[in-house]
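S.K.: Can you read through this structure? Questions will come right after.
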Amino acid sequence: MSSAATRATGQDHLWSVDDHLEDILATVRPLEPIELQLLDAQGCVLVEDVTVPVSLPPFDNSSMDGYAVRVADVAGASEEYPAVLTVVGDVAAGQAEQPYVGPGQAARIMTGAPLPPGAEAVVPVEWTDGGLGEGPVSGMRARSAAPEGASGQVQVHRPAQARAHVRAKGSDVKAGDRALEAGMILGPPQIGLLAAIGRGTVRVRPRPRVVVMSTGSELVQPDEELGTGQIYDSNSFALCAAARDAGAIAYRVGAVADDAETLRSTIEDQLIRADMLVTTGGVSVGAYDVVKEALSSVGDEDEAGSGIEFRKLAMQPGKPQGFGSIGPDHTPLLALPGNPVSSYVSFELFVRPAIRALMGLKDVHRPTTRATLNADKALTSPAGRRQFLRGTYADGEVTPVGGAGSHLVAALAHADALIVVPEDDTSVEPGAEVEVVLLG
């Protein structure tokens with residue numbers, strides 16, 4: 001957090017976007033690691049390398065349903081002159097004991113079953129008569145319906161090279177290999193790999209718990225009837241979804257009326273389940289901007305480093321911002337503007353990186369690229385402000401969506417990128433190269 005002297009002048013100082021973000025990221029610390037069951041660890045960041053204790057696959061096994069054979073016994077086999085082999089039994093997946101395959105013999109084998117001793121290759125069942133003596137078959141009959149298929153003779157219509165249709169032991173990963181690296185986010189494939197190598201638990205940083213709340217007496221829950229001067233609360237839904245998209249466990253709190261004491265008590269109630277608090281609305285200079293009223297003095301009497309500072313940033317949209325920590329655990333709190341576009345852009349620039357920092361990720365930022373501006377006319381931007389305009393990006397071009405207004409929710413819904421106009425640029429001509437933040 002910035003120094004007390006800086007906080008005292010925070011209202012007058014115009015912060016840059018970069019300095020504000022740097023201050024946030026200098027304060028937010030990764031959550032402490034914990035050991036979790038595999039499914040509970042989905043979406044979490046691994047904190048240690050995982051080494052393979054047992055090779056995958058742990059034994060040579062068949063990649064086909066068919067017959068395990070010796071190569072010499074099927075050399076030169078064809079439909080006209082098939083190799084006729086004696087079937088000595090079945091080999092099923094999970095079967096502990098396998099029959100020995102000697103000269104002139106074959107074992108009926110299922111996909112994933114261990115290659116039995118003596119066998120050198122697998123011929124698919126479609127290359128055989130399936131033991132029926134009636135030409136090539138398309139599959140095996142169920143053992144329960146035809147147990148005799150595990151004995152008798154089988155005609156093989158094609159030759160097989162050594163190791164054909166055999167998955168070699170360790171062909172996926174070998175014992176001692178590094179399976180996963182610290183810093184990875186655990187998704188379904190990583191969870192599957194951990195299970196495959198026998199890990200039931202894993203050490204990770206937990207997903208941050210983020211509480212999102214809107215403020216404003218004019219806000220109404222969707223599905224309820226609007227009264228005079230009322231609007232639906234969209235910000236808390238958008239930001240809650242954005243927090244989940246960033247990797248957090250997000251909790252949405254119903255809109256809080258414009259009453260400082262109510263807001264203070266609501267925030268205090270939420271601290272028990274929050275690794276981060278995000279508010280939207282009430283941070284500007286109006287008489288009813290209760291977030292500033294409720295939080296400006298919070299924490300001043302607490303331990304050093306506590307307190308919320310309200311700032312003006314050299315950006316558009318999203319000039320008014322609040323940041324600090326609150327409560328006994330110094331829980332980070334980010335107070336965002338109330339206009340929908342301002343709130344969402346602020347989330348992408350400041351809250352999302354903070355969530356990713358809590359997760360312990362090294363790269364906390366959205367990807368950026370350079371793109372050619374596809375527009376009918378020049379984009380204008382206020383001097384001294386970094387402007388973030390909504391756009392759609394494709395094939396190296398970015399096209400503006402909607403205008404610069406901070407209330408244009410419909411335009412925001414169609415955007416997948418932010419067009420960045422630097423502080424020193426007041427106009428950007430069509431065809432110019434611009435920086436683009438890719439939103440996913």
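Ordering of the structure tokens sets the chain letters (A, B, ...), residue numbers begin anew at 1 in every chain, and ligands are numbered from 1 in the order given.
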I want to know what sits within 9 Å of Ser78 in chain A, based on only C-alpha atoms, with residues of the same chain fewer than 5 positions away left out; could you give that as an mmCIF file with C-alpha atoms, in the first residue's frame?
M.R.:
data_model
loop_
_atom_site.group_PDB
_atom_site.id
_atom_site.type_symbol
_atom_site.label_atom_id
_atom_site.label_comp_id
_atom_site.auth_asym_id
_atom_site.auth_seq_id
_atom_site.Cartn_x
_atom_site.Cartn_y
_atom_site.Cartn_z
ATOM 1 C CA ALA A 83 -2.571 -68.531 -40.463
ATOM 2 C CA VAL A 156 -5.551 -64.682 -39.109
ATOM 3 C CA HIS A 157 -5.764 -63.005 -42.526
ATOM 4 C CA ARG A 158 -2.881 -60.523 -42.333
ATOM 5 C CA PRO A 159 0.696 -60.530 -41.046
#
S.K.: Counting only C-alpha atoms, which residues in range 213-318 of chain A sit no more than 10 Å from range 32-49 of chain A? For each one, give the nearest pair of atoms and the distance in Å, sorted by chain then residue number, as CSV.
M.R.:
residue,atom,partner,partner_atom,distance
A:Ala246,CA,A:Gly43,CA,9.8
A:Gly247,CA,A:Gly43,CA,6.4
A:Ala248,CA,A:Gly43,CA,8.5
A:Ile249,CA,A:Gly43,CA,9.7
S.K.: Determine, counting only C-alpha atoms, which protein, DNA and RNA residues have an atom within 9 Å of an atom of Ala250 in chain A; residues of the same chain fewer than 5 positions away are not included. Present the result as a PyMOL selection string.
M.R.: chain A and resi 208-212+239-244
S.K.: Put those residues in a file: N, CA, C and O atoms, as a PDB file, in the first residue's frame.
M.R.:
ATOM      1  N   PRO A 208      -9.056 -18.013  -5.033  1.00  0.00           N
ATOM      2  CA  PRO A 208      -9.448 -16.910  -4.138  1.00  0.00           C
ATOM      3  C   PRO A 208     -10.961 -16.789  -4.035  1.00  0.00           C
ATOM      4  O   PRO A 208     -11.690 -16.981  -5.017  1.00  0.00           O
ATOM      5  N   ARG A 209     -11.419 -16.451  -2.842  1.00  0.00           N
ATOM      6  CA  ARG A 209     -12.844 -16.182  -2.617  1.00  0.00           C
ATOM      7  C   ARG A 209     -13.060 -14.676  -2.748  1.00  0.00           C
ATOM      8  O   ARG A 209     -12.534 -13.895  -1.964  1.00  0.00           O
ATOM      9  N   VAL A 210     -13.815 -14.304  -3.764  1.00  0.00           N
ATOM     10  CA  VAL A 210     -14.031 -12.891  -4.062  1.00  0.00           C
ATOM     11  C   VAL A 210     -15.500 -12.549  -3.862  1.00  0.00           C
ATOM     12  O   VAL A 210     -16.375 -13.188  -4.454  1.00  0.00           O
ATOM     13  N   VAL A 211     -15.757 -11.574  -3.001  1.00  0.00           N
ATOM     14  CA  VAL A 211     -17.121 -11.102  -2.748  1.00  0.00           C
ATOM     15  C   VAL A 211     -17.353  -9.830  -3.555  1.00  0.00           C
ATOM     16  O   VAL A 211     -16.564  -8.884  -3.474  1.00  0.00           O
ATOM     17  N   VAL A 212     -18.420  -9.827  -4.347  1.00  0.00           N
ATOM     18  CA  VAL A 212     -18.763  -8.695  -5.209  1.00  0.00           C
ATOM     19  C   VAL A 212     -20.076  -8.098  -4.742  1.00  0.00           C
ATOM     20  O   VAL A 212     -21.044  -8.825  -4.515  1.00  0.00           O
ATOM     21  N   LEU A 239     -19.495  -8.597 -12.834  1.00  0.00           N
ATOM     22  CA  LEU A 239     -18.218  -8.706 -12.123  1.00  0.00           C
ATOM     23  C   LEU A 239     -18.067 -10.053 -11.439  1.00  0.00           C
ATOM     24  O   LEU A 239     -16.954 -10.587 -11.332  1.00  0.00           O
ATOM     25  N   CYS A 240     -19.166 -10.605 -10.958  1.00  0.00           N
ATOM     26  CA  CYS A 240     -19.107 -11.936 -10.349  1.00  0.00           C
ATOM     27  C   CYS A 240     -18.710 -12.969 -11.411  1.00  0.00           C
ATOM     28  O   CYS A 240     -17.851 -13.819 -11.173  1.00  0.00           O
ATOM     29  N   ALA A 241     -19.321 -12.846 -12.598  1.00  0.00           N
ATOM     30  CA  ALA A 241     -18.948 -13.746 -13.696  1.00  0.00           C
ATOM     31  C   ALA A 241     -17.501 -13.528 -14.103  1.00  0.00           C
ATOM     32  O   ALA A 241     -16.770 -14.489 -14.394  1.00  0.00           O
ATOM     33  N   ALA A 242     -17.063 -12.275 -14.122  1.00  0.00           N
ATOM     34  CA  ALA A 242     -15.677 -11.971 -14.494  1.00  0.00           C
ATOM     35  C   ALA A 242     -14.701 -12.537 -13.475  1.00  0.00           C
ATOM     36  O   ALA A 242     -13.618 -13.022 -13.829  1.00  0.00           O
ATOM     37  N   ALA A 243     -15.059 -12.490 -12.197  1.00  0.00           N
ATOM     38  CA  ALA A 243     -14.197 -13.049 -11.152  1.00  0.00           C
ATOM     39  C   ALA A 243     -14.063 -14.554 -11.304  1.00  0.00           C
ATOM     40  O   ALA A 243     -12.974 -15.123 -11.153  1.00  0.00           O
ATOM     41  N   ARG A 244     -15.171 -15.214 -11.632  1.00  0.00           N
ATOM     42  CA  ARG A 244     -15.111 -16.655 -11.866  1.00  0.00           C
ATOM     43  C   ARG A 244     -14.261 -16.961 -13.090  1.00  0.00           C
ATOM     44  O   ARG A 244     -13.480 -17.919 -13.104  1.00  0.00           O
TER      45      ARG A 244
END
S.K.: Just checking: using only C-alpha atoms, which residue out of A:Arg163, A:Lys312, A:His330, A:Arg370 ends up closest to Ala274 in chain A?
M.R.: A:His330
S.K.: Ranking A:Glu435, A:Asp177, A:Asp258, A:Asp233 by minimum distance to Ser217 in chain A and counting only C-alpha atoms, which one comes first?
M.R.: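 The shortest atom-to-atom distance to Ser217 in chain A comes from A:Asp258.
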S.K.: Just checking: using only C-alpha atoms, which residue out of A:Lys377, A:His13, A:Arg167, A:Arg207 ends up closest to Ala432 in chain A?
M.R.: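 Among A:Lys377, A:His13, A:Arg167, A:Arg207, it is A:Lys377 that comes nearest to Ala432 in chain A.
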S.K.: Taking 5 positions as the minimum chain separation for residues in the same chain, which residues sit within 6 Å of range 419-423 of chain A when counting only C-alpha atoms? Answer as a count of residues only.
M.R.: 8
S.K.: Which value, in Å to one decimal, gives the distance between CA of Ala314 in chain A and CA of Glu293 in chain A?
M.R.: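 Distance between the two atoms: 22.7 Å.
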S.K.: Run DSSP on the backbone and grab whatever in range 85-302 of chain A lands in helix (DSSP H, G or I); send it over as a PyMOL selection string.
M.R.: chain A and resi 125-127+147-150+188-196+235-246+260-273+290-295
S.K.: List the neighbours of Val364 in chain A out to 10 Å using only C-alpha atoms; skip same-chain residues closer than 2 positions along the sequence, and give me the result as a list in words.
M.R.: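 Non-adjacent residues within range: Leu25, Ala246, Arg352, Pro353, Ala354, Ile355, Arg356, Ala357, Leu358, Met359, Gly360, Leu361, Lys362, Arg366 and Pro367 of chain A.
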S.K.: Now that the selection is made, can you save its residues with N, CA, C and O atoms as a PDB file, in the first residue's frame?
M.R.:
ATOM      1  N   LEU A  25      -0.646  -4.620  -7.013  1.00  0.00           N
ATOM      2  CA  LEU A  25       0.098  -5.881  -7.078  1.00  0.00           C
ATOM      3  C   LEU A  25       1.211  -5.947  -6.040  1.00  0.00           C
ATOM      4  O   LEU A  25       1.615  -7.040  -5.630  1.00  0.00           O
ATOM      5  N   ALA A 246     -11.817 -15.319 -14.106  1.00  0.00           N
ATOM      6  CA  ALA A 246     -10.418 -15.090 -13.741  1.00  0.00           C
ATOM      7  C   ALA A 246      -9.847 -16.226 -12.902  1.00  0.00           C
ATOM      8  O   ALA A 246      -8.633 -16.300 -12.712  1.00  0.00           O
ATOM      9  N   ARG A 352      -8.804  -8.256 -12.062  1.00  0.00           N
ATOM     10  CA  ARG A 352      -8.385  -9.542 -12.613  1.00  0.00           C
ATOM     11  C   ARG A 352      -6.909  -9.833 -12.321  1.00  0.00           C
ATOM     12  O   ARG A 352      -6.583 -10.940 -11.872  1.00  0.00           O
ATOM     13  N   PRO A 353      -6.003  -8.875 -12.555  1.00  0.00           N
ATOM     14  CA  PRO A 353      -4.601  -9.151 -12.181  1.00  0.00           C
ATOM     15  C   PRO A 353      -4.424  -9.435 -10.693  1.00  0.00           C
ATOM     16  O   PRO A 353      -3.593 -10.266 -10.312  1.00  0.00           O
ATOM     17  N   ALA A 354      -5.206  -8.763  -9.847  1.00  0.00           N
ATOM     18  CA  ALA A 354      -5.093  -8.992  -8.396  1.00  0.00           C
ATOM     19  C   ALA A 354      -5.550 -10.404  -8.040  1.00  0.00           C
ATOM     20  O   ALA A 354      -4.946 -11.071  -7.188  1.00  0.00           O
ATOM     21  N   ILE A 355      -6.618 -10.865  -8.680  1.00  0.00           N
ATOM     22  CA  ILE A 355      -7.090 -12.240  -8.443  1.00  0.00           C
ATOM     23  C   ILE A 355      -6.013 -13.234  -8.870  1.00  0.00           C
ATOM     24  O   ILE A 355      -5.712 -14.196  -8.152  1.00  0.00           O
ATOM     25  N   ARG A 356      -5.436 -13.001 -10.033  1.00  0.00           N
ATOM     26  CA  ARG A 356      -4.404 -13.914 -10.527  1.00  0.00           C
ATOM     27  C   ARG A 356      -3.165 -13.893  -9.632  1.00  0.00           C
ATOM     28  O   ARG A 356      -2.489 -14.911  -9.462  1.00  0.00           O
ATOM     29  N   ALA A 357      -2.884 -12.729  -9.035  1.00  0.00           N
ATOM     30  CA  ALA A 357      -1.770 -12.646  -8.092  1.00  0.00           C
ATOM     31  C   ALA A 357      -2.072 -13.441  -6.826  1.00  0.00           C
ATOM     32  O   ALA A 357      -1.187 -14.117  -6.274  1.00  0.00           O
ATOM     33  N   LEU A 358      -3.304 -13.377  -6.342  1.00  0.00           N
ATOM     34  CA  LEU A 358      -3.705 -14.182  -5.186  1.00  0.00           C
ATOM     35  C   LEU A 358      -3.538 -15.675  -5.475  1.00  0.00           C
ATOM     36  O   LEU A 358      -3.211 -16.464  -4.591  1.00  0.00           O
ATOM     37  N   MET A 359      -3.786 -16.058  -6.716  1.00  0.00           N
ATOM     38  CA  MET A 359      -3.659 -17.456  -7.107  1.00  0.00           C
ATOM     39  C   MET A 359      -2.205 -17.906  -7.167  1.00  0.00           C
ATOM     40  O   MET A 359      -1.928 -19.107  -7.182  1.00  0.00           O
ATOM     41  N   GLY A 360      -1.278 -16.941  -7.224  1.00  0.00           N
ATOM     42  CA  GLY A 360       0.134 -17.281  -7.292  1.00  0.00           C
ATOM     43  C   GLY A 360       0.661 -17.427  -8.701  1.00  0.00           C
ATOM     44  O   GLY A 360       1.742 -17.994  -8.911  1.00  0.00           O
ATOM     45  N   LEU A 361      -0.075 -16.891  -9.684  1.00  0.00           N
ATOM     46  CA  LEU A 361       0.378 -16.968 -11.065  1.00  0.00           C
ATOM     47  C   LEU A 361       1.454 -15.919 -11.341  1.00  0.00           C
ATOM     48  O   LEU A 361       1.391 -14.807 -10.811  1.00  0.00           O
ATOM     49  N   LYS A 362       2.410 -16.259 -12.181  1.00  0.00           N
ATOM     50  CA  LYS A 362       3.466 -15.313 -12.525  1.00  0.00           C
ATOM     51  C   LYS A 362       2.966 -14.284 -13.536  1.00  0.00           C
ATOM     52  O   LYS A 362       3.255 -13.099 -13.433  1.00  0.00           O
ATOM     53  N   ARG A 366      -3.901 -10.012 -19.075  1.00  0.00           N
ATOM     54  CA  ARG A 366      -4.494 -10.442 -20.322  1.00  0.00           C
ATOM     55  C   ARG A 366      -3.441 -10.305 -21.436  1.00  0.00           C
ATOM     56  O   ARG A 366      -2.595  -9.410 -21.393  1.00  0.00           O
ATOM     57  N   PRO A 367      -3.510 -11.163 -22.457  1.00  0.00           N
ATOM     58  CA  PRO A 367      -2.577 -11.004 -23.570  1.00  0.00           C
ATOM     59  C   PRO A 367      -2.866  -9.723 -24.362  1.00  0.00           C
ATOM     60  O   PRO A 367      -4.024  -9.287 -24.459  1.00  0.00           O
TER      61      PRO A 367
END
S.K.: Could you pull out all residues of range 14-78 of chain A with a DSSP call of strand (DSSP E) and give them as a PyMOL selection string?
M.R.: chain A and resi 14-15+34-37+45-46+50-51+61-62+66-69
S.K.: Go ahead and save the picked residues with N, CA and C atoms, as a JSON list (two decimals), in the first residue's frame.
M.R.:
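Result file is result.json:
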[["chain", "number", "residue", "atom", "x", "y", "z"],
["A", 14, "LEU", "N", -3.27, 12.73, -9.43],
["A", 14, "LEU", "CA", -3.80, 11.99, -10.57],
["A", 14, "LEU", "C", -2.87, 10.82, -10.84],
["A", 15, "TRP", "N", -3.35, 9.63, -10.54],
["A", 15, "TRP", "CA", -2.54, 8.43, -10.68],
["A", 15, "TRP", "C", -2.56, 7.95, -12.11],
["A", 34, "ILE", "N", -2.35, -25.16, 0.25],
["A", 34, "ILE", "CA", -3.04, -26.19, 1.03],
["A", 34, "ILE", "C", -3.06, -27.48, 0.22],
["A", 35, "GLU", "N", -3.29, -28.59, 0.90],
["A", 35, "GLU", "CA", -3.42, -29.89, 0.25],
["A", 35, "GLU", "C", -4.89, -30.15, -0.02],
["A", 36, "LEU", "N", -5.23, -30.43, -1.27],
["A", 36, "LEU", "CA", -6.63, -30.64, -1.63],
["A", 36, "LEU", "C", -6.81, -31.97, -2.36],
["A", 37, "GLN", "N", -8.02, -32.55, -2.22],
["A", 37, "GLN", "CA", -8.40, -33.68, -3.04],
["A", 37, "GLN", "C", -8.44, -33.24, -4.50],
["A", 45, "VAL", "N", -3.76, -23.41, -8.62],
["A", 45, "VAL", "CA", -2.40, -23.35, -9.15],
["A", 45, "VAL", "C", -1.50, -24.30, -8.35],
["A", 46, "LEU", "N", -0.82, -25.17, -9.05],
["A", 46, "LEU", "CA", 0.10, -26.13, -8.45],
["A", 46, "LEU", "C", 1.30, -25.40, -7.86],
["A", 50, "VAL", "N", 5.40, -32.16, -9.85],
["A", 50, "VAL", "CA", 4.90, -33.50, -9.58],
["A", 50, "VAL", "C", 5.71, -34.49, -10.41],
["A", 51, "THR", "N", 6.34, -35.45, -9.73],
["A", 51, "THR", "CA", 7.16, -36.47, -10.39],
["A", 51, "THR", "C", 6.37, -37.76, -10.52],
["A", 61, "ASN", "N", 0.70, -53.09, -23.23],
["A", 61, "ASN", "CA", -0.72, -53.48, -23.34],
["A", 61, "ASN", "C", -1.24, -53.28, -24.74],
["A", 62, "SER", "N", -2.36, -53.90, -25.01],
["A", 62, "SER", "CA", -2.93, -53.88, -26.35],
["A", 62, "SER", "C", -3.70, -52.59, -26.62],
["A", 66, "GLY", "N", -8.40, -57.90, -30.15],
["A", 66, "GLY", "CA", -7.91, -58.80, -31.19],
["A", 66, "GLY", "C", -7.26, -60.03, -30.59],
["A", 67, "TYR", "N", -6.12, -60.41, -31.18],
["A", 67, "TYR", "CA", -5.43, -61.62, -30.73],
["A", 67, "TYR", "C", -3.93, -61.32, -30.58],
["A", 68, "ALA", "N", -3.39, -61.74, -29.44],
["A", 68, "ALA", "CA", -1.96, -61.63, -29.19],
["A", 68, "ALA", "C", -1.27, -62.82, -29.85],
["A", 69, "VAL", "N", -0.25, -62.54, -30.67],
["A", 69, "VAL", "CA", 0.35, -63.60, -31.48],
["A", 69, "VAL", "C", 1.87, -63.46, -31.48]]
